[in-house]
Amino acid sequence: MAEKKEVDARFKKFGTVSFTSLTKTNDFITKLEEGKVEGTKCKVCGMVFFPPRADCYKCLSSDMEWFTVTGTGKLVTYSKLQYAPVGFEGDLPYSIALLDYGTYKVFGRLAADVPEADVKVGMAMKAAPNPLPNGQINYVFHKA
Amino acid sequence: MGKVAIIGVGQSVFVRSYPGSIRELAFEGFREAMQDAKIKNTDIDASIICSAPEYDKQRSPAGVLAEYLGLNPQPTFYVESLCSSSSMGLRLAYSLVKSGLHDCVAVVGFQKMSEISSAESQERMGRGADIQWESPFGTMMPAYYATYAQAHMAKYGTTSEDLALIRVKAATYGQINEKAVYRKAVTLDMFTQPDGSMAGPVATPLRVGDCCANADGSSCVIVASEEKAKSFCKKPVWIMGLGSATTAVNMAGRDLFTGLSAAKASGEQAYKMAGITPKDIDVAEVHDCFTIAELMAYEALGFAKPGEGIGLVRNKETYKEGRIPVNVDGGLLSKGHPIGATGGSQIRTIVLQLRGEAGAMQVKDPAIGLVHNIGGVGLYGNVTILGR
């Protein structure tokens, strides 16, 4: 009898509801669990990618290495949701947001404990992993 | 190769919940376009069927609709680019006719959104963005567009009242468009009163009144070669310019958040192909899925400089009697937005305007009109320029 093949479906754990299970960037989840938000960098041409990619469209290489998102990014924009798509009702209210780190940008959520009155476009923030109930995990932005 | 014309246009009434199936819904827009063009099913060489998937259960709707519309055994195929599907269909119809492969092509757009709940619909639309990296955060279309509104406000000082003025304008014309889903007037009070029907927050800074209504509807545009158009039709409307562009699906891959780069690029292509500039446009339909989207369209299309678009609304320059009338059929905000049918409906409005057949919505003697139709959060841009 053939051995049952192990399926690496770590990406099912990403976010409140994940819509993807298999990706070559599955290590992203393990790195989140280790406390790091990471993107990828092409070892051949040096292109930097966030969100991480397995393949470089510029030089067509798949030889990538991970890098850690460090320092602070500037808040480009955000929106606080009062209405949610199916599956996210329990999270309300929550804010989606975008940070600009200079050579790349990071899309995610504001941390739930950032007071609304403090949020200003242009403010410095930093991305950090954020464990969720039921073993899920994402990352959120904290005031720097 | 000769020019390419639009010889017939039609749309269903846009409604909250259509009491029939997708084939019956599609028939309504098709019938009006066929009666408009005064042609027979056998005059049509091919059909292009346009919608966004997962609102109804039918897979490969092209075959089903082609049979119901009496378009067998001619070829048919399905085109999808979310909310700009039927403008993309028109682009492909143009190339089929221009290449000489076909002489007459029907572009049929449809969407029946009412079979699922509003929250389910938001989930579907949200999955028109990046499902791997963004949807797990709980994204949806109003929230994505809200991030553009937030950035526009931060950079240019745009206010919530400015955005509300766009909705007030849309409702002015929705009231006189018998095809519109929302036929009532909207006043600023409805945004500012705490219990106002437009005031409820959806995704800051966008409120209920800033968002278009889901609707069921269909549209049909019949495209023909110059030779066929002259034999079939007294008032052909010519396709003068076409532009189409894309941008990164993931917000992190973009550089502009106060406008849609794909809209700007497709507008520039269309102007160049038509050999005209923005000041030559006499009437326009823009993709106002949200109020901020109309404002960004003014700036992307060159009707105003970046940051100055709101002056057009404040000064009523985009009203029917203004310098550049925009969405004088109620737009997506009041006419309604049945995803796959929307582009065809916008094209119908401009064709009727150019023929002088727009009734109460008619602007004064337009010669050139423009359609701006966007899919997803600026993911797909399509701009079409039409002339008499």
# chains A, B, ... in the order shown; residues from 1 in each chain; ligands from 1
>>> interface_residues(of="chain B", to="chain A", cutoff="10 Å", atoms="only C-alpha atoms", output="MDAnalysis selection string")
chainID B and resid 117:127 130:155 200:207 250:258
>>> write_last_selection(atoms="N, CA and C atoms", output="short mmCIF file (atom, residue, chain, number, x, y, z; two decimals), in the first residue's frame")
data_model
loop_
_atom_site.label_atom_id
_atom_site.label_comp_id
_atom_site.auth_asym_id
_atom_site.auth_seq_id
_atom_site.Cartn_x
_atom_site.Cartn_y
_atom_site.Cartn_z
N SER B 117 -27.28 36.85 -0.28
CA SER B 117 -27.48 37.98 0.63
C SER B 117 -26.45 39.06 0.36
N SER B 118 -26.69 40.24 0.92
CA SER B 118 -25.77 41.37 0.73
C SER B 118 -24.39 41.05 1.30
N ALA B 119 -24.35 40.39 2.48
CA ALA B 119 -23.05 40.05 3.09
C ALA B 119 -22.32 39.01 2.24
N GLU B 120 -23.08 38.07 1.66
CA GLU B 120 -22.45 37.07 0.76
C GLU B 120 -21.90 37.77 -0.49
N SER B 121 -22.68 38.74 -0.97
CA SER B 121 -22.26 39.50 -2.14
C SER B 121 -20.97 40.26 -1.85
N GLN B 122 -20.86 40.84 -0.65
CA GLN B 122 -19.63 41.55 -0.27
C GLN B 122 -18.45 40.60 -0.22
N GLU B 123 -18.71 39.38 0.25
CA GLU B 123 -17.64 38.38 0.31
C GLU B 123 -17.18 38.01 -1.11
N ARG B 124 -18.15 37.83 -2.04
CA ARG B 124 -17.82 37.52 -3.43
C ARG B 124 -17.01 38.65 -4.05
N MET B 125 -17.50 39.90 -3.85
CA MET B 125 -16.80 41.03 -4.44
C MET B 125 -15.41 41.18 -3.84
N GLY B 126 -15.30 40.96 -2.53
CA GLY B 126 -14.00 41.05 -1.88
C GLY B 126 -13.03 40.05 -2.50
N ARG B 127 -13.54 38.89 -2.91
CA ARG B 127 -12.69 37.89 -3.53
C ARG B 127 -12.37 38.21 -4.99
N ASP B 130 -7.29 40.26 -3.91
CA ASP B 130 -6.27 39.24 -3.68
C ASP B 130 -6.73 38.29 -2.57
N ILE B 131 -7.18 37.09 -2.96
CA ILE B 131 -7.72 36.17 -1.94
C ILE B 131 -6.63 35.56 -1.07
N GLN B 132 -5.41 35.50 -1.58
CA GLN B 132 -4.35 34.86 -0.78
C GLN B 132 -3.87 35.78 0.34
N TRP B 133 -3.65 37.06 0.02
CA TRP B 133 -2.97 37.94 0.97
C TRP B 133 -3.85 39.02 1.57
N GLU B 134 -5.01 39.33 0.96
CA GLU B 134 -5.84 40.42 1.49
C GLU B 134 -7.18 39.97 2.04
N SER B 135 -7.89 39.10 1.33
CA SER B 135 -9.22 38.68 1.80
C SER B 135 -9.20 38.13 3.23
N PRO B 136 -8.12 37.42 3.67
CA PRO B 136 -8.12 36.91 5.05
C PRO B 136 -8.20 38.01 6.12
N PHE B 137 -7.98 39.28 5.72
CA PHE B 137 -8.13 40.39 6.67
C PHE B 137 -9.58 40.90 6.73
N GLY B 138 -10.47 40.35 5.89
CA GLY B 138 -11.87 40.78 5.91
C GLY B 138 -12.13 41.98 5.03
N THR B 139 -11.57 41.97 3.83
CA THR B 139 -11.74 43.10 2.92
C THR B 139 -13.06 43.00 2.17
N MET B 140 -13.53 44.13 1.70
CA MET B 140 -14.70 44.19 0.81
C MET B 140 -14.60 45.46 -0.01
N MET B 141 -15.36 45.53 -1.10
CA MET B 141 -15.22 46.65 -2.03
C MET B 141 -15.40 48.02 -1.37
N PRO B 142 -16.46 48.24 -0.56
CA PRO B 142 -16.60 49.58 0.02
C PRO B 142 -15.38 49.97 0.86
N ALA B 143 -14.76 49.01 1.54
CA ALA B 143 -13.61 49.33 2.39
C ALA B 143 -12.38 49.66 1.55
N TYR B 144 -12.19 48.94 0.45
CA TYR B 144 -11.07 49.27 -0.44
C TYR B 144 -11.23 50.69 -0.98
N TYR B 145 -12.42 50.99 -1.52
CA TYR B 145 -12.63 52.34 -2.06
C TYR B 145 -12.54 53.38 -0.94
N ALA B 146 -12.94 52.98 0.27
CA ALA B 146 -12.83 53.91 1.41
C ALA B 146 -11.38 54.28 1.69
N THR B 147 -10.46 53.34 1.46
CA THR B 147 -9.04 53.69 1.68
C THR B 147 -8.59 54.74 0.66
N TYR B 148 -9.15 54.69 -0.55
CA TYR B 148 -8.83 55.73 -1.55
C TYR B 148 -9.44 57.06 -1.11
N ALA B 149 -10.67 57.02 -0.58
CA ALA B 149 -11.32 58.25 -0.11
C ALA B 149 -10.50 58.87 1.03
N GLN B 150 -10.05 58.01 1.94
CA GLN B 150 -9.26 58.48 3.08
C GLN B 150 -7.97 59.17 2.60
N ALA B 151 -7.31 58.55 1.62
CA ALA B 151 -6.06 59.12 1.10
C ALA B 151 -6.34 60.42 0.35
N HIS B 152 -7.45 60.48 -0.39
CA HIS B 152 -7.81 61.69 -1.14
C HIS B 152 -8.10 62.83 -0.17
N MET B 153 -8.81 62.50 0.91
CA MET B 153 -9.12 63.50 1.93
C MET B 153 -7.84 64.03 2.59
N ALA B 154 -6.92 63.07 2.89
CA ALA B 154 -5.69 63.47 3.58
C ALA B 154 -4.83 64.36 2.69
N LYS B 155 -4.80 64.07 1.39
CA LYS B 155 -3.92 64.84 0.50
C LYS B 155 -4.55 66.15 0.03
N GLY B 200 -25.64 56.14 7.68
CA GLY B 200 -25.03 55.01 8.39
C GLY B 200 -23.62 54.71 7.90
N PRO B 201 -22.67 54.52 8.84
CA PRO B 201 -21.30 54.22 8.42
C PRO B 201 -21.18 52.82 7.83
N VAL B 202 -20.42 52.68 6.76
CA VAL B 202 -20.17 51.36 6.16
C VAL B 202 -18.70 51.01 6.37
N ALA B 203 -17.84 51.86 5.85
CA ALA B 203 -16.39 51.72 6.03
C ALA B 203 -15.86 53.15 5.95
N THR B 204 -15.37 53.68 7.06
CA THR B 204 -15.01 55.10 7.12
C THR B 204 -13.99 55.45 6.03
N PRO B 205 -14.16 56.56 5.35
CA PRO B 205 -15.18 57.60 5.55
C PRO B 205 -16.46 57.41 4.72
N LEU B 206 -16.64 56.25 4.10
CA LEU B 206 -17.83 56.06 3.25
C LEU B 206 -19.05 55.65 4.07
N ARG B 207 -20.20 56.25 3.70
CA ARG B 207 -21.46 55.96 4.38
C ARG B 207 -22.41 55.27 3.41
N ASN B 250 -2.86 43.53 -5.62
CA ASN B 250 -2.61 43.76 -4.21
C ASN B 250 -2.31 45.24 -3.96
N MET B 251 -2.96 45.81 -2.96
CA MET B 251 -2.74 47.23 -2.62
C MET B 251 -1.26 47.52 -2.39
N ALA B 252 -0.56 46.53 -1.85
CA ALA B 252 0.86 46.72 -1.56
C ALA B 252 1.69 46.90 -2.83
N GLY B 253 1.15 46.48 -3.96
CA GLY B 253 1.87 46.59 -5.22
C GLY B 253 1.58 47.88 -5.97
N ARG B 254 0.84 48.80 -5.34
CA ARG B 254 0.43 50.03 -6.04
C ARG B 254 1.20 51.24 -5.51
N ASP B 255 1.20 52.29 -6.34
CA ASP B 255 1.87 53.53 -5.94
C ASP B 255 0.91 54.69 -5.74
N LEU B 256 -0.28 54.63 -6.35
CA LEU B 256 -1.21 55.76 -6.31
C LEU B 256 -2.45 55.37 -5.49
N PHE B 257 -2.83 56.21 -4.51
CA PHE B 257 -3.99 55.91 -3.68
C PHE B 257 -5.00 57.06 -3.66
N THR B 258 -4.76 58.09 -4.50
CA THR B 258 -5.72 59.18 -4.62
C THR B 258 -6.39 59.13 -5.99
#
>>> closest_residue(among="B:Gly241, B:Gly2, B:Gly369, B:Gly322", to="Ser99 in chain B", atoms="only C-alpha atoms")
B:Gly2
>>> select_by_dssp(residues="range 6-243 of chain B", states="alpha helix (DSSP H)", output="ChimeraX atom specification")
/B:22-37,61-68,85-98,118-126,141-156,160-174,189-192,226-232
>>> closest_residue(among="A:Lys126, A:Ser62, A:His142, A:Val69", to="Gly39 in chain A", atoms="only C-alpha atoms")
A:Val69
>>> select_by_dssp(residues="range 100-131 of chain A", states="strand (DSSP E)", output="PyMOL selection string")
chain A and resi 100+105-110+124-131
>>> write_last_selection(atoms="N, CA and C atoms", output="mmCIF file, in the first residue's frame")
data_model
loop_
_atom_site.group_PDB
_atom_site.id
_atom_site.type_symbol
_atom_site.label_atom_id
_atom_site.label_comp_id
_atom_site.auth_asym_id
_atom_site.auth_seq_id
_atom_site.Cartn_x
_atom_site.Cartn_y
_atom_site.Cartn_z
ATOM 1 N N ASP A 100 3.755 51.983 4.198
ATOM 2 C CA ASP A 100 4.813 52.125 3.196
ATOM 3 C C ASP A 100 6.161 52.065 3.904
ATOM 4 N N LYS A 105 5.584 47.817 0.355
ATOM 5 C CA LYS A 105 4.435 48.200 1.188
ATOM 6 C C LYS A 105 3.830 46.943 1.810
ATOM 7 N N VAL A 106 3.121 47.121 2.922
ATOM 8 C CA VAL A 106 2.504 45.996 3.622
ATOM 9 C C VAL A 106 1.035 46.330 3.870
ATOM 10 N N PHE A 107 0.139 45.466 3.366
ATOM 11 C CA PHE A 107 -1.296 45.623 3.598
ATOM 12 C C PHE A 107 -1.713 44.730 4.747
ATOM 13 N N GLY A 108 -2.530 45.249 5.669
ATOM 14 C CA GLY A 108 -2.999 44.415 6.781
ATOM 15 C C GLY A 108 -4.072 45.135 7.570
ATOM 16 N N ARG A 109 -4.081 44.882 8.896
ATOM 17 C CA ARG A 109 -5.056 45.522 9.778
ATOM 18 C C ARG A 109 -4.349 46.361 10.832
ATOM 19 N N LEU A 110 -5.048 47.401 11.311
ATOM 20 C CA LEU A 110 -4.564 48.106 12.495
ATOM 21 C C LEU A 110 -4.803 47.216 13.713
ATOM 22 N N ALA A 124 3.901 56.878 11.842
ATOM 23 C CA ALA A 124 4.793 55.717 11.807
ATOM 24 C C ALA A 124 4.148 54.541 12.544
ATOM 25 N N MET A 125 4.200 53.370 11.936
ATOM 26 C CA MET A 125 3.636 52.167 12.556
ATOM 27 C C MET A 125 4.566 50.997 12.272
ATOM 28 N N LYS A 126 4.358 49.901 13.010
ATOM 29 C CA LYS A 126 5.167 48.715 12.716
ATOM 30 C C LYS A 126 4.288 47.464 12.725
ATOM 31 N N ALA A 127 4.603 46.561 11.811
ATOM 32 C CA ALA A 127 3.825 45.333 11.644
ATOM 33 C C ALA A 127 4.317 44.262 12.607
ATOM 34 N N ALA A 128 3.394 43.510 13.212
ATOM 35 C CA ALA A 128 3.781 42.420 14.120
ATOM 36 C C ALA A 128 2.763 41.285 14.015
ATOM 37 N N PRO A 129 3.225 40.036 14.195
ATOM 38 C CA PRO A 129 2.306 38.889 14.146
ATOM 39 C C PRO A 129 1.241 39.010 15.232
ATOM 40 N N ASN A 130 0.084 38.426 14.960
ATOM 41 C CA ASN A 130 -1.065 38.574 15.848
ATOM 42 C C ASN A 130 -1.855 37.265 15.874
ATOM 43 N N PRO A 131 -1.623 36.417 16.917
ATOM 44 C CA PRO A 131 -2.369 35.154 16.983
ATOM 45 C C PRO A 131 -3.863 35.412 17.168
#
>>> closest_residue(among="A:Asp27, A:Glu65, A:Tyr101, A:Gly73", to="Cys45 in chain A", atoms="only C-alpha atoms")
A:Glu65
>>> atom_distance(atom1="CA of Ile239 in chain B", atom2="CA of Ala46 in chain B")
18.4 Å
>>> residues_around(residues="range 273-282 of chain B", least_positions_apart="6", cutoff="8 Å", atoms="only C-alpha atoms", output="PyMOL selection string")
chain B and resi 240-242+301-303+323-325+366-370+385
>>> closest_residue(among="B:Leu71, B:Ala26, B:Ile374, B:Leu386", to="Val237 in chain B", atoms="only C-alpha atoms")
B:Leu386
>>> atom_distance(atom1="CA of Leu69 in chain B", atom2="CA of Ser85 in chain B")
19.2 Å
>>> residues_around(residues="Glu317 in chain B", least_positions_apart="4", cutoff="12 Å", atoms="only C-alpha atoms", output="list in words")
Ile166, Lys169, Asp282, Val283, Tyr298, Phe303, Ala304, Gly309, Ile310, Gly311, Leu312, Val313, Glu321, Gly322, Arg323, Ile324, Pro325, Val326, Asn327 and Val328 of chain B
>>> write_last_selection(atoms="C-alpha atoms", output="PDB file, in the first residue's frame")
ATOM      1  CA  ILE B 166     -21.968  63.490  -5.860  1.00  0.00           C
ATOM      2  CA  LYS B 169     -26.351  64.737  -8.266  1.00  0.00           C
ATOM      3  CA  ASP B 282     -19.531  66.536 -24.519  1.00  0.00           C
ATOM      4  CA  VAL B 283     -21.064  63.914 -22.208  1.00  0.00           C
ATOM      5  CA  TYR B 298     -12.905  63.348 -13.164  1.00  0.00           C
ATOM      6  CA  PHE B 303     -11.883  66.747 -16.686  1.00  0.00           C
ATOM      7  CA  ALA B 304     -10.115  68.324 -13.694  1.00  0.00           C
ATOM      8  CA  GLY B 309     -12.331  67.360  -9.235  1.00  0.00           C
ATOM      9  CA  ILE B 310     -14.714  68.329  -6.489  1.00  0.00           C
ATOM     10  CA  GLY B 311     -14.976  71.853  -7.925  1.00  0.00           C
ATOM     11  CA  LEU B 312     -16.861  70.345 -10.876  1.00  0.00           C
ATOM     12  CA  VAL B 313     -19.604  69.073  -8.572  1.00  0.00           C
ATOM     13  CA  GLU B 321     -26.614  71.870 -18.192  1.00  0.00           C
ATOM     14  CA  GLY B 322     -22.950  72.079 -17.148  1.00  0.00           C
ATOM     15  CA  ARG B 323     -19.692  72.149 -19.067  1.00  0.00           C
ATOM     16  CA  ILE B 324     -19.155  68.366 -18.952  1.00  0.00           C
ATOM     17  CA  PRO B 325     -22.311  66.467 -17.967  1.00  0.00           C
ATOM     18  CA  VAL B 326     -21.446  63.201 -16.152  1.00  0.00           C
ATOM     19  CA  ASN B 327     -23.767  60.323 -15.247  1.00  0.00           C
ATOM     20  CA  VAL B 328     -26.952  62.133 -16.151  1.00  0.00           C
TER      21      VAL B 328
END
>>> decode(residues="range 53-140 of chain A", atoms="C-alpha atoms", output="compact mmCIF listing (two decimals), in the first residue's frame")
# COMPACT_ATOMS: atom_id res chain seq x y z
CA ARG A 53 6.37 35.47 -3.76
CA ALA A 54 7.91 32.17 -4.78
CA ASP A 55 8.86 33.44 -8.23
CA CYS A 56 10.53 36.61 -9.54
CA TYR A 57 8.73 38.10 -12.54
CA LYS A 58 11.72 40.28 -13.38
CA CYS A 59 14.41 37.65 -13.90
CA LEU A 60 12.14 34.54 -13.84
CA SER A 61 14.17 32.94 -11.05
CA SER A 62 12.56 30.92 -8.25
CA ASP A 63 15.63 31.15 -6.05
CA MET A 64 14.30 33.29 -3.21
CA GLU A 65 15.33 34.07 0.34
CA TRP A 66 13.27 35.41 3.24
CA PHE A 67 13.81 38.83 4.84
CA THR A 68 12.23 40.23 8.00
CA VAL A 69 10.03 43.34 7.89
CA THR A 70 11.81 45.60 10.40
CA GLY A 71 11.68 49.25 11.41
CA THR A 72 8.61 51.39 10.82
CA GLY A 73 6.38 52.12 7.87
CA LYS A 74 4.28 55.20 7.18
CA LEU A 75 0.48 54.79 7.23
CA VAL A 76 -0.59 55.40 3.62
CA THR A 77 -4.32 54.96 4.22
CA TYR A 78 -6.88 52.98 6.23
CA SER A 79 -10.61 52.36 6.67
CA LYS A 80 -12.62 51.23 9.68
CA LEU A 81 -15.30 48.70 8.74
CA GLN A 82 -18.72 48.78 10.40
CA TYR A 83 -20.06 46.06 8.14
CA ALA A 84 -18.26 42.86 7.28
CA PRO A 85 -18.29 40.19 4.61
CA VAL A 86 -19.55 36.70 5.54
CA GLY A 87 -17.18 35.05 8.02
CA PHE A 88 -15.78 38.28 9.53
CA GLU A 89 -18.83 39.55 11.46
CA GLY A 90 -17.29 38.57 14.81
CA ASP A 91 -14.25 40.79 14.18
CA LEU A 92 -16.23 44.05 13.81
CA PRO A 93 -15.29 46.81 14.05
CA TYR A 94 -11.83 46.47 12.49
CA SER A 95 -9.62 48.65 10.27
CA ILE A 96 -7.75 47.63 7.15
CA ALA A 97 -4.62 49.66 6.42
CA LEU A 98 -1.52 50.00 4.27
CA LEU A 99 2.02 50.82 5.44
CA ASP A 100 4.81 52.13 3.20
CA TYR A 101 8.25 50.83 4.21
CA GLY A 102 10.00 52.60 1.33
CA THR A 103 11.16 49.70 -0.81
CA TYR A 104 7.92 47.75 -0.28
CA LYS A 105 4.43 48.20 1.19
CA VAL A 106 2.50 46.00 3.62
CA PHE A 107 -1.30 45.62 3.60
CA GLY A 108 -3.00 44.42 6.78
CA ARG A 109 -5.06 45.52 9.78
CA LEU A 110 -4.56 48.11 12.49
CA ALA A 111 -4.13 46.54 15.95
CA ALA A 112 -7.47 46.59 17.79
CA ASP A 113 -6.00 48.61 20.68
CA VAL A 114 -4.89 51.62 18.58
CA PRO A 115 -7.27 54.45 19.61
CA GLU A 116 -9.20 55.73 16.58
CA ALA A 117 -8.42 59.36 17.45
CA ASP A 118 -4.67 58.61 17.23
CA VAL A 119 -4.81 57.25 13.68
CA LYS A 120 -3.44 59.72 11.13
CA VAL A 121 -2.31 59.20 7.55
CA GLY A 122 1.50 59.52 7.54
CA MET A 123 2.03 58.25 11.11
CA ALA A 124 4.79 55.72 11.81
CA MET A 125 3.64 52.17 12.56
CA LYS A 126 5.17 48.72 12.72
CA ALA A 127 3.83 45.33 11.64
CA ALA A 128 3.78 42.42 14.12
CA PRO A 129 2.31 38.89 14.15
CA ASN A 130 -1.06 38.57 15.85
CA PRO A 131 -2.37 35.15 16.98
CA LEU A 132 -6.14 34.76 16.57
CA PRO A 133 -8.64 32.42 18.25
CA ASN A 134 -8.91 28.83 16.94
CA GLY A 135 -5.22 28.66 16.02
CA GLN A 136 -5.43 31.18 13.17
CA ILE A 137 -2.81 33.94 12.83
CA ASN A 138 -2.39 37.25 10.97
CA TYR A 139 -0.33 40.41 11.46
CA VAL A 140 -1.41 43.86 12.60
